[in-house]
Amino acid sequence: MIDIQKYKLPFFVTQELEKCSNCGLCHSVCPVYQLSGLETLSARGKINLLKAVETGQLEPGKISRKIFDRCLLCYACKTVCPSGVDTENIWTEARQYFARVTGAGLKGAAVRTAFKADNLKKAAHAAKSLQDFFGIKIGKKGFRPDFADKFLIDVLPDTVPAKWEKRYRIGYFIGCVSNFFLSEIALSAIEVLSAVGCEVVIPKRQVCCGAPAFNNGEMAAAAALAKRNIQVFLEAEVDYVISADATCGGSFVHEYRRLAGDYPLYEEFAAKHREFHSFILEAGLPEKLKAIPSTIVYHDSCHLAHTQGIRIPPRRILQSLPGVKLVEMAHSDICCGFGGSFSLLHAEESSGISRRKLQNAIESGADELAAGSPGCILKLQNEAKRENIKLPIRHTAEIICERLDG
Ligand code: SF4
Ligand code: SF4
């Protein structure tokens, strides 16, 4: 007999499960379901699994935990759901729940250790040394990204002045993908921000936003990182906090509310966050921009489209750039396959999803792919290289920066 009390689900989850009408519309947007064809991996399948746990028909074990780990946390299912099921919060609650009832295991211990204060930076330096001196690359077959030559946090100045008249003082949040792998994204974003009148402050004590720890159910580790970032950026006395990393921005808006909701400084920090594209539009693109002819297709990163509801600002920016023709692709707001640790733990599945995204981009007739999340760009560039696809994939910030005049 299964002890229902022992395996009781959080009240919020049981309430949300009731809303699901089993319509299956979420199948149409779930990349993992579409690739595998497995009902258990769809949003509906996972909801029914939790219902079975709730009613005592199923004992939560390692298998059910693995099913929840095989999810990109892309939240397309939340956007499409006609019954308003809050899958975003169900999935993160479920990961915490399984970590609690089945034990977080080695993965939990690794996440807790890696995401403690400055440990990630130390681990990245050690991994980079392995790459530089022995040619050993971290990751899994199918996804072994190259580290940048230098980590940005070590080389950027504390402040970059506004290029013309100073209109704002902003704090820039680098984000781990730009910091460790794709420096050009943050460098371009800082240059664009400076060109629209921002004095850009880069606090050196900033740490990972905490999203990977949060997404793996390691809430204490994530909360410690969130509180440190909140403190560091408020101490910098900036008007706004901006990042060109959609995942970090999304976590400031959503995860931080849950992680640091009772932290007295949270609301002050949240009020300062501005999404990169929306801010650039509000500040106004620089008047003098060079015309560079290009047909660009835009990929909606999940943490912009589904987490923050940002779809129009990046397109408006791209359409305004001289020489740019913006085209659309099929399923532009379906995940690229990155999904943070998903790309390492389920590398082949992740690559299969990335290949579909690249195929859709090619079929749009574009000669360049733009996105707003460094994670998507890292994954898609890696897949394009593996498949010998010659399609430049860049952040919107890089595309604007290339056109800055003077
Ligand atoms: S779309 Fe929403 S209501 Fe329909 S099956 Fe999926 S989660 Fe349930
Ligand atoms: S979050 Fe994404 S991958 Fe996970 S169930 Fe929903 S649509 Fe599928």
# chains A, B, ... in the order shown; residues from 1 in each chain; ligands from 1
call {"tool": "residues_around", "arguments": {"residues": "A:Ser350", "least_positions_apart": "3", "cutoff": "9 Å", "atoms": "only C-alpha atoms", "output": "VMD selection string"}}
result
chain A and resid 32 72 142 336 to 339 342 to 347 353 to 355 379
call {"tool": "residues_near_ligand", "arguments": {"ligand": "ligand 1", "cutoff": "7 Å", "atoms": "only C-alpha atoms and all ligand atoms", "output": "PyMOL selection string"}}
result
chain A and resi 19-26+43-44+77+80-85
call {"tool": "write_last_selection", "arguments": {"atoms": "C-alpha atoms", "output": "mmCIF file, in the first residue's frame"}}
result
data_model
loop_
_atom_site.group_PDB
_atom_site.id
_atom_site.type_symbol
_atom_site.label_atom_id
_atom_site.label_comp_id
_atom_site.auth_asym_id
_atom_site.auth_seq_id
_atom_site.Cartn_x
_atom_site.Cartn_y
_atom_site.Cartn_z
ATOM 1 C CA LYS A 19 -7.154 22.431 -14.459
ATOM 2 C CA CYS A 20 -5.864 20.062 -17.152
ATOM 3 C CA SER A 21 -8.645 18.913 -19.490
ATOM 4 C CA ASN A 22 -6.441 16.334 -21.251
ATOM 5 C CA CYS A 23 -6.987 18.100 -24.583
ATOM 6 C CA GLY A 24 -3.451 17.328 -25.803
ATOM 7 C CA LEU A 25 -2.878 20.716 -27.428
ATOM 8 C CA CYS A 26 0.479 20.876 -25.654
ATOM 9 C CA ALA A 43 3.091 18.023 -20.687
ATOM 10 C CA ARG A 44 -0.143 16.025 -20.582
ATOM 11 C CA CYS A 77 3.199 24.152 -23.188
ATOM 12 C CA VAL A 80 -0.405 27.195 -25.643
ATOM 13 C CA CYS A 81 -2.527 25.647 -22.870
ATOM 14 C CA PRO A 82 -6.176 26.767 -23.239
ATOM 15 C CA SER A 83 -6.925 25.821 -19.619
ATOM 16 C CA GLY A 84 -4.169 28.013 -18.217
ATOM 17 C CA VAL A 85 -2.265 25.178 -16.539
#
call {"tool": "residues_near_ligand", "arguments": {"ligand": "ligand 2", "cutoff": "8 Å", "atoms": "only C-alpha atoms and all ligand atoms", "output": "number ranges by chain"}}
result
A: 26-27, 29-33, 41-44, 46, 70-78, 87-88, 91, 335
call {"tool": "write_last_selection", "arguments": {"atoms": "N, CA and C atoms", "output": "mmCIF file, in the first residue's frame"}}
result
data_model
loop_
_atom_site.group_PDB
_atom_site.id
_atom_site.type_symbol
_atom_site.label_atom_id
_atom_site.label_comp_id
_atom_site.auth_asym_id
_atom_site.auth_seq_id
_atom_site.Cartn_x
_atom_site.Cartn_y
_atom_site.Cartn_z
ATOM 1 N N CYS A 26 -0.943 20.676 -25.979
ATOM 2 C CA CYS A 26 0.479 20.876 -25.654
ATOM 3 C C CYS A 26 1.394 19.974 -26.484
ATOM 4 N N HIS A 27 0.851 18.883 -27.045
ATOM 5 C CA HIS A 27 1.672 18.026 -27.922
ATOM 6 C C HIS A 27 2.196 18.809 -29.129
ATOM 7 N N VAL A 29 3.364 21.673 -29.437
ATOM 8 C CA VAL A 29 4.495 22.602 -29.249
ATOM 9 C C VAL A 29 5.661 21.991 -28.482
ATOM 10 N N CYS A 30 5.495 20.747 -28.038
ATOM 11 C CA CYS A 30 6.552 20.158 -27.192
ATOM 12 C C CYS A 30 7.614 19.483 -28.067
ATOM 13 N N PRO A 31 8.829 20.046 -28.106
ATOM 14 C CA PRO A 31 9.866 19.467 -28.972
ATOM 15 C C PRO A 31 10.271 18.058 -28.539
ATOM 16 N N VAL A 32 10.249 17.796 -27.233
ATOM 17 C CA VAL A 32 10.675 16.480 -26.748
ATOM 18 C C VAL A 32 9.649 15.423 -27.151
ATOM 19 N N TYR A 33 8.378 15.774 -27.024
ATOM 20 C CA TYR A 33 7.321 14.837 -27.447
ATOM 21 C C TYR A 33 7.391 14.615 -28.958
ATOM 22 N N LEU A 41 6.418 11.908 -22.015
ATOM 23 C CA LEU A 41 7.330 13.058 -21.993
ATOM 24 C C LEU A 41 6.616 14.365 -22.320
ATOM 25 N N SER A 42 5.359 14.271 -22.751
ATOM 26 C CA SER A 42 4.610 15.499 -23.067
ATOM 27 C C SER A 42 4.125 16.142 -21.771
ATOM 28 N N ALA A 43 3.625 17.358 -21.885
ATOM 29 C CA ALA A 43 3.091 18.023 -20.687
ATOM 30 C C ALA A 43 1.906 17.227 -20.136
ATOM 31 N N ARG A 44 1.028 16.785 -21.046
ATOM 32 C CA ARG A 44 -0.143 16.025 -20.582
ATOM 33 C C ARG A 44 0.296 14.734 -19.888
ATOM 34 N N LYS A 46 3.071 14.110 -18.314
ATOM 35 C CA LYS A 46 3.684 14.364 -17.000
ATOM 36 C C LYS A 46 2.607 14.765 -15.976
ATOM 37 N N ARG A 70 13.739 15.032 -18.294
ATOM 38 C CA ARG A 70 13.812 15.045 -19.774
ATOM 39 C C ARG A 70 12.848 16.084 -20.323
ATOM 40 N N CYS A 71 12.925 17.266 -19.797
ATOM 41 C CA CYS A 71 12.056 18.371 -20.221
ATOM 42 C C CYS A 71 12.959 19.592 -20.375
ATOM 43 N N LEU A 72 12.752 20.337 -21.443
ATOM 44 C CA LEU A 72 13.614 21.492 -21.722
ATOM 45 C C LEU A 72 13.290 22.705 -20.853
ATOM 46 N N LEU A 73 12.192 22.646 -20.124
ATOM 47 C CA LEU A 73 11.695 23.811 -19.381
ATOM 48 C C LEU A 73 11.565 25.004 -20.335
ATOM 49 N N CYS A 74 11.018 24.719 -21.503
ATOM 50 C CA CYS A 74 10.875 25.785 -22.497
ATOM 51 C C CYS A 74 9.564 26.558 -22.301
ATOM 52 N N TYR A 75 8.602 25.933 -21.662
ATOM 53 C CA TYR A 75 7.313 26.547 -21.302
ATOM 54 C C TYR A 75 6.419 26.895 -22.481
ATOM 55 N N ALA A 76 6.696 26.303 -23.640
ATOM 56 C CA ALA A 76 5.777 26.484 -24.765
ATOM 57 C C ALA A 76 4.423 25.872 -24.402
ATOM 58 N N CYS A 77 4.458 24.800 -23.591
ATOM 59 C CA CYS A 77 3.199 24.152 -23.188
ATOM 60 C C CYS A 77 2.344 25.105 -22.345
ATOM 61 N N LYS A 78 2.989 25.942 -21.572
ATOM 62 C CA LYS A 78 2.227 26.909 -20.757
ATOM 63 C C LYS A 78 1.566 27.959 -21.661
ATOM 64 N N THR A 87 2.256 25.159 -16.179
ATOM 65 C CA THR A 87 3.270 24.094 -16.238
ATOM 66 C C THR A 87 4.630 24.602 -15.774
ATOM 67 N N GLU A 88 4.902 25.881 -16.016
ATOM 68 C CA GLU A 88 6.203 26.441 -15.601
ATOM 69 C C GLU A 88 6.462 26.130 -14.122
ATOM 70 N N TRP A 91 6.517 22.196 -13.230
ATOM 71 C CA TRP A 91 7.767 21.457 -13.516
ATOM 72 C C TRP A 91 8.849 21.777 -12.491
ATOM 73 N N CYS A 335 11.402 25.633 -29.011
ATOM 74 C CA CYS A 335 12.762 25.604 -28.435
ATOM 75 C C CYS A 335 13.825 25.129 -29.435
#
call {"tool": "residues_around", "arguments": {"residues": "stretch 272-286 of chain A", "least_positions_apart": "6", "cutoff": "8 Å", "atoms": "only C-alpha atoms", "output": "list in words"}}
result
Leu193, Ala195, Val196, Asp239, Tyr240, Val241, Ile242, Ser243, Ala244, Ala246, Gly249, Phe252, Val253, Pro313, Pro314, Ile317 and Leu404 of chain A
call {"tool": "write_last_selection", "arguments": {"atoms": "N, CA and C atoms", "output": "PDB file, in the first residue's frame"}}
result
ATOM      1  N   LEU A 193      24.625  49.623 -25.706  1.00  0.00           N
ATOM      2  CA  LEU A 193      24.067  50.385 -24.579  1.00  0.00           C
ATOM      3  C   LEU A 193      24.803  51.713 -24.413  1.00  0.00           C
ATOM      4  N   ALA A 195      26.247  53.322 -26.771  1.00  0.00           N
ATOM      5  CA  ALA A 195      25.895  54.173 -27.915  1.00  0.00           C
ATOM      6  C   ALA A 195      24.512  54.826 -27.777  1.00  0.00           C
ATOM      7  N   VAL A 196      23.636  54.220 -26.932  1.00  0.00           N
ATOM      8  CA  VAL A 196      22.322  54.852 -26.744  1.00  0.00           C
ATOM      9  C   VAL A 196      22.301  55.727 -25.485  1.00  0.00           C
ATOM     10  N   ASP A 239      20.445  53.006 -12.453  1.00  0.00           N
ATOM     11  CA  ASP A 239      19.023  53.261 -12.742  1.00  0.00           C
ATOM     12  C   ASP A 239      18.327  51.952 -13.106  1.00  0.00           C
ATOM     13  N   TYR A 240      19.028  51.139 -13.925  1.00  0.00           N
ATOM     14  CA  TYR A 240      18.435  49.895 -14.413  1.00  0.00           C
ATOM     15  C   TYR A 240      19.462  48.770 -14.382  1.00  0.00           C
ATOM     16  N   VAL A 241      18.955  47.538 -14.340  1.00  0.00           N
ATOM     17  CA  VAL A 241      19.816  46.354 -14.471  1.00  0.00           C
ATOM     18  C   VAL A 241      19.413  45.674 -15.783  1.00  0.00           C
ATOM     19  N   ILE A 242      20.406  45.461 -16.656  1.00  0.00           N
ATOM     20  CA  ILE A 242      20.110  44.931 -17.992  1.00  0.00           C
ATOM     21  C   ILE A 242      21.056  43.776 -18.309  1.00  0.00           C
ATOM     22  N   SER A 243      20.513  42.784 -19.019  1.00  0.00           N
ATOM     23  CA  SER A 243      21.351  41.690 -19.512  1.00  0.00           C
ATOM     24  C   SER A 243      20.899  41.339 -20.918  1.00  0.00           C
ATOM     25  N   ALA A 244      21.845  40.962 -21.770  1.00  0.00           N
ATOM     26  CA  ALA A 244      21.453  40.479 -23.104  1.00  0.00           C
ATOM     27  C   ALA A 244      21.220  38.975 -23.050  1.00  0.00           C
ATOM     28  N   ALA A 246      18.731  36.241 -22.160  1.00  0.00           N
ATOM     29  CA  ALA A 246      17.296  36.098 -21.891  1.00  0.00           C
ATOM     30  C   ALA A 246      17.029  35.202 -20.684  1.00  0.00           C
ATOM     31  N   GLY A 249      17.667  37.309 -17.528  1.00  0.00           N
ATOM     32  CA  GLY A 249      16.586  38.292 -17.412  1.00  0.00           C
ATOM     33  C   GLY A 249      15.293  37.626 -16.965  1.00  0.00           C
ATOM     34  N   PHE A 252      15.418  36.893 -13.342  1.00  0.00           N
ATOM     35  CA  PHE A 252      15.211  38.084 -12.484  1.00  0.00           C
ATOM     36  C   PHE A 252      13.711  38.345 -12.311  1.00  0.00           C
ATOM     37  N   VAL A 253      12.965  38.120 -13.386  1.00  0.00           N
ATOM     38  CA  VAL A 253      11.527  38.421 -13.349  1.00  0.00           C
ATOM     39  C   VAL A 253      10.757  37.347 -12.581  1.00  0.00           C
ATOM     40  N   PRO A 313       9.603  43.398 -29.711  1.00  0.00           N
ATOM     41  CA  PRO A 313      10.761  44.322 -29.709  1.00  0.00           C
ATOM     42  C   PRO A 313      11.963  43.857 -30.534  1.00  0.00           C
ATOM     43  N   PRO A 314      12.400  42.586 -30.440  1.00  0.00           N
ATOM     44  CA  PRO A 314      13.567  42.210 -31.266  1.00  0.00           C
ATOM     45  C   PRO A 314      13.268  42.333 -32.757  1.00  0.00           C
ATOM     46  N   ILE A 317      13.341  45.979 -33.812  1.00  0.00           N
ATOM     47  CA  ILE A 317      14.732  46.458 -33.933  1.00  0.00           C
ATOM     48  C   ILE A 317      15.321  45.989 -35.262  1.00  0.00           C
ATOM     49  N   LEU A 404      26.790  50.054 -35.969  1.00  0.00           N
ATOM     50  CA  LEU A 404      27.038  51.348 -35.313  1.00  0.00           C
ATOM     51  C   LEU A 404      28.025  52.163 -36.139  1.00  0.00           C
TER      52      LEU A 404
END
call {"tool": "atom_distance", "arguments": {"atom1": "atom CA of A:Lys116", "atom2": "atom CA of A:Arg100"}}
result
19.5 Å
call {"tool": "atom_distance", "arguments": {"atom1": "atom CA of A:Tyr97", "atom2": "atom CA of A:Thr55"}}
result
15.8 Å
call {"tool": "select_by_dssp", "arguments": {"residues": "stretch 195-391 of chain A", "states": "helix (DSSP H, G or I)", "output": "number ranges by chain"}}
result
A: 195, 211-215, 219-235, 246-253, 255-259, 266-272, 276-283, 302-305, 312-320, 342-345, 347-363, 374-386
call {"tool": "residues_around", "arguments": {"residues": "stretch 361-372 of chain A", "least_positions_apart": "2", "cutoff": "8 Å", "atoms": "only C-alpha atoms", "output": "JSON, numbers by chain"}}
result
{"A": [244, 245, 246, 294, 295, 296, 297, 298, 299, 300, 301, 304, 314, 327, 328, 329, 330, 357, 358, 359, 374, 376, 377, 391, 392, 393, 394, 395, 396, 399]}
call {"tool": "closest_residue", "arguments": {"among": "A:Lys227, A:Arg311, A:Arg403, A:Arg386", "to": "A:Glu287", "atoms": "only C-alpha atoms"}}
result
A:Arg403
call {"tool": "residues_around", "arguments": {"residues": "A:Glu59", "least_positions_apart": "2", "cutoff": "8 Å", "atoms": "only C-alpha atoms", "output": "list in words"}}
result
Ile2, Tyr7, Val53, Gly56, Gln57 and Gly61 of chain A
call {"tool": "closest_residue", "arguments": {"among": "A:Val238, A:Ile153, A:Ala221, A:Ala211", "to": "A:Arg167", "atoms": "only C-alpha atoms"}}
result
A:Val238
call {"tool": "residues_around", "arguments": {"residues": "A:Ala148", "least_positions_apart": "4", "cutoff": "9 Å", "atoms": "only C-alpha atoms", "output": "PyMOL selection string"}}
result
chain A and resi 128+152+178-183
call {"tool": "write_last_selection", "arguments": {"atoms": "N, CA and C atoms", "output": "PDB file, in the first residue's frame"}}
result
ATOM      1  N   LYS A 128      38.822  25.215 -18.390  1.00  0.00           N
ATOM      2  CA  LYS A 128      39.494  25.907 -19.510  1.00  0.00           C
ATOM      3  C   LYS A 128      40.970  25.488 -19.578  1.00  0.00           C
ATOM      4  N   LEU A 152      35.107  37.195 -19.511  1.00  0.00           N
ATOM      5  CA  LEU A 152      34.831  38.640 -19.515  1.00  0.00           C
ATOM      6  C   LEU A 152      34.930  39.295 -18.148  1.00  0.00           C
ATOM      7  N   SER A 178      27.837  34.118 -21.957  1.00  0.00           N
ATOM      8  CA  SER A 178      28.683  35.185 -22.523  1.00  0.00           C
ATOM      9  C   SER A 178      30.009  35.267 -21.785  1.00  0.00           C
ATOM     10  N   ASN A 179      29.962  35.103 -20.487  1.00  0.00           N
ATOM     11  CA  ASN A 179      31.184  35.223 -19.685  1.00  0.00           C
ATOM     12  C   ASN A 179      32.209  34.158 -20.053  1.00  0.00           C
ATOM     13  N   PHE A 180      31.736  32.913 -20.150  1.00  0.00           N
ATOM     14  CA  PHE A 180      32.689  31.809 -20.346  1.00  0.00           C
ATOM     15  C   PHE A 180      32.883  31.398 -21.809  1.00  0.00           C
ATOM     16  N   PHE A 181      31.869  31.638 -22.652  1.00  0.00           N
ATOM     17  CA  PHE A 181      31.953  31.089 -24.017  1.00  0.00           C
ATOM     18  C   PHE A 181      31.862  32.149 -25.126  1.00  0.00           C
ATOM     19  N   LEU A 182      30.783  32.932 -25.129  1.00  0.00           N
ATOM     20  CA  LEU A 182      30.551  33.824 -26.267  1.00  0.00           C
ATOM     21  C   LEU A 182      30.709  35.289 -25.851  1.00  0.00           C
ATOM     22  N   SER A 183      31.958  35.707 -25.659  1.00  0.00           N
ATOM     23  CA  SER A 183      32.241  37.058 -25.158  1.00  0.00           C
ATOM     24  C   SER A 183      31.633  38.136 -26.055  1.00  0.00           C
TER      25      SER A 183
END
call {"tool": "closest_residue", "arguments": {"among": "A:Glu402, A:Glu348, A:Glu218, A:Glu255", "to": "A:Ala291", "atoms": "only C-alpha atoms"}}
result
A:Glu402
call {"tool": "atom_distance", "arguments": {"atom1": "atom CA of A:Ala52", "atom2": "atom CA of A:Arg258"}}
result
26.9 Å
call {"tool": "closest_residue", "arguments": {"among": "A:Leu380, A:Ile67, A:Leu326, A:Ile400", "to": "A:Thr40", "atoms": "only C-alpha atoms"}}
result
A:Ile67
call {"tool": "closest_residue", "arguments": {"among": "A:Ala186, A:Phe68, A:Val207, A:Ser28", "to": "A:Leu225", "atoms": "only C-alpha atoms"}}
result
A:Val207
call {"tool": "residues_around", "arguments": {"residues": "A:Glu268", "least_positions_apart": "4", "cutoff": "9 Å", "atoms": "only C-alpha atoms", "output": "list in words"}}
result
Ile230, Leu234, Pro264 and Lys272 of chain A
call {"tool": "write_last_selection", "arguments": {"atoms": "C-alpha atoms", "output": "PDB file, in the first residue's frame"}}
result
ATOM      1  CA  ILE A 230      20.511  41.681  -5.781  1.00  0.00           C
ATOM      2  CA  LEU A 234      21.767  47.669  -5.644  1.00  0.00           C
ATOM      3  CA  PRO A 264      13.609  43.013   1.707  1.00  0.00           C
ATOM      4  CA  LYS A 272      15.219  48.120 -11.897  1.00  0.00           C
TER       5      LYS A 272
END
